[in-house]
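Chemist: My questions all concern the structure below.
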Amino acid sequence: MEVQMMNGDIAVLTAHSEIIKCLYYNKVASNADVSTFVGKSIPNTLKLLNELIEDGYVMEKGLGISSGGRKPLNYSLVADKWYILSIAMDRFATQMVIVDLNNNFVSDIQSLKFDMYQHQNEVDVLIGHINNFLKQSGIPQTKVLGAGISMPGFVNTEKGINYSYLQSADPLVELLEKGLSMPVFIDNDSTTIALAEQKFGIAAAKKNVMVINLGWGIGLGMILNGSIFRGDNGLAGEFSHIPLFKNGKLCTCGKHGCLETEASLIAVTAKAKKGVEEGQVSSLSSYDAIDADAIINEAVKGDVFSVKLISEAAYLVGQGLSILIHLMNPAAIILSGKGSTVGRLWLAPIQQAINEHCIPRLTEHTEFLISDLNARAQLIGSAALVVENFGKPLESKLNKMEALNLAELQV
């Protein structure tokens, strides 16, 4: 196990973590902007920014816009000072990319098949894939601050455990950190997507937002009073498993009639295959294997059957959302994730269901929006997981890994 950072770097990331977060999330900011974000005086903030310039973390970025008087000097992070490994997992595939300190993807996105059902207990297989990707990326591993990994399932971020997948005797995070030789932070995929929408997407200026992750399941990430809401032990947001139907269909959670059994991309794909087998006229019949990507692609092109499948699923999602709206009264509902690439095909059926099932006064100020991050949202959020933990959490992991490394050397 390698120790990646000198003590001085750890100290900088800890002492100036809020400033670094501010610049990461905004890319470019003035002294006044940073001062407001970190809650320190402008002179004190300027002093800290100058210290970060000396340490090689921050650079001057030209003059900003002024409404009158002297134009403010802008600052940004030195993009290649450190890198972050971002990993986005769904039930059947995994995406990986390297991100710099300006939230730019600096490697190609690598996608690989990793069925979380088939590899339920094979964390070492995942670690092998990740290490191969790191080698191929050309980025020295000693320049990678840590890994943010988002995944489906019941994820306890504090204990570093996924109760649904990749189970083992030791906490998942500990196994990943040992295998990757870097700090690792994990979270639920839908919560991570909500984080991306809050920091970089259309939820940035809103305090109460529900972010719907339209994927193999139908996830929910919640922003309440300007903060990501995870519930008492991190398991909030299981929108897929609201029992809406008496259809007798067994859900992956072990219960019957969940929203997921009718409206998830898994359910939509099953309906598409059945329809084509029964002679339904559709461009989907030209595919050797019908999957969610095929349905999405053909729906965008206007295939009537594909559009019908998406519309039916969207109406059912809207029916589920009507329950959440009565409970939460959000300012906005954002459709994000894999399925949101279909875009506005979702909106009309969802709105129809809301009109039928919601009290109008509760929805008159609720916006329904399509993410502009789309399929990249989960990777962006996974990188942000690491940034959110700049400061004591990252310092604690780095110090722990350093202690373990010294113990190994002594042995």
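Chain lettering (A, B, ...) mirrors the order of the structure tokens, residue numbering begins at 1 for each chain separately, and ligand numbering begins at 1 in order of display.
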If we count only C-alpha atoms, what is near segment 90-104 of chain A at a cut-off of 8 Å, once residues fewer than 4 positions away on the same chain are taken out, given as a PyMOL selection string?

Modeler: chain A and resi 23-25+27+76-86+108-117+130+133+137+151-152+189+216+379-380+383

Chemist: How close does segment 65-178 of chain A get to segment 386-407 of chain A? List, as CSV, each residue of segment 65-178 of chain A within 8 Å, its nearest atom pair and the distance in Å to one decimal, counting only C-alpha atoms.

Modeler:
```
residue,atom,partner,partner_atom,distance
A:Ile84,CA,A:Val386,CA,7.4
A:Gly146,CA,A:Val386,CA,6.6
A:Ala147,CA,A:Val386,CA,6.6
A:Gly148,CA,A:Val386,CA,5.5
```

Chemist: How would the residues just chosen look if you wrote them out with C-alpha atoms as a PDB file, in the first residue's frame?

Modeler:
```pdb
ATOM      1  CA  ILE A  84     -10.166  12.086  -8.582  1.00  0.00           C
ATOM      2  CA  GLY A 146      -9.253   9.179  -3.869  1.00  0.00           C
ATOM      3  CA  ALA A 147     -12.155   7.338  -5.445  1.00  0.00           C
ATOM      4  CA  GLY A 148     -15.842   8.186  -5.324  1.00  0.00           C
TER       5      GLY A 148
END
```

Chemist: Find, counting only C-alpha atoms, the residue in A:Leu321, A:Met182, A:Ser227, A:Val28 that gets nearest to Lys199 of chain A.

Modeler: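 Ranking A:Leu321, A:Met182, A:Ser227, A:Val28 by distance to Lys199 of chain A, first place goes to A:Ser227.
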
Chemist: Calculated over only C-alpha atoms, which of the candidates A:Glu54, A:Glu197, A:Asp9, A:Glu122 has the smallest distance to Gly381 of chain A?

Modeler: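 Counting only C-alpha atoms, the residue closest to Gly381 of chain A is A:Glu197.
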
Chemist: To one decimal in Å, tell me the separation between atom CA of Ile149 of chain A and atom CA of Leu324 of chain A.

Modeler: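 Separation between atom CA of Ile149 of chain A and atom CA of Leu324 of chain A: 27.3 Å.
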
Chemist: One decimal, in Å: what's the spacing between atom CA of Asn225 of chain A and atom CA of Ile333 of chain A?

Modeler: 14.6 Å

Chemist: From the list A:Leu385, A:Val184, A:Leu316, A:Asn132, which residue is nearest Ile228 of chain A when using only C-alpha atoms?

Modeler: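 Of all the options, A:Leu385 lies closest to Ile228 of chain A.
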
Chemist: May I have all residues of segment 288-395 of chain A that DSSP, computed from the backbone, assigns to alpha helix (DSSP H), given as number ranges by chain?

Modeler: A: 292-301, 304-328, 347-357, 360-363, 377-388, 392-395
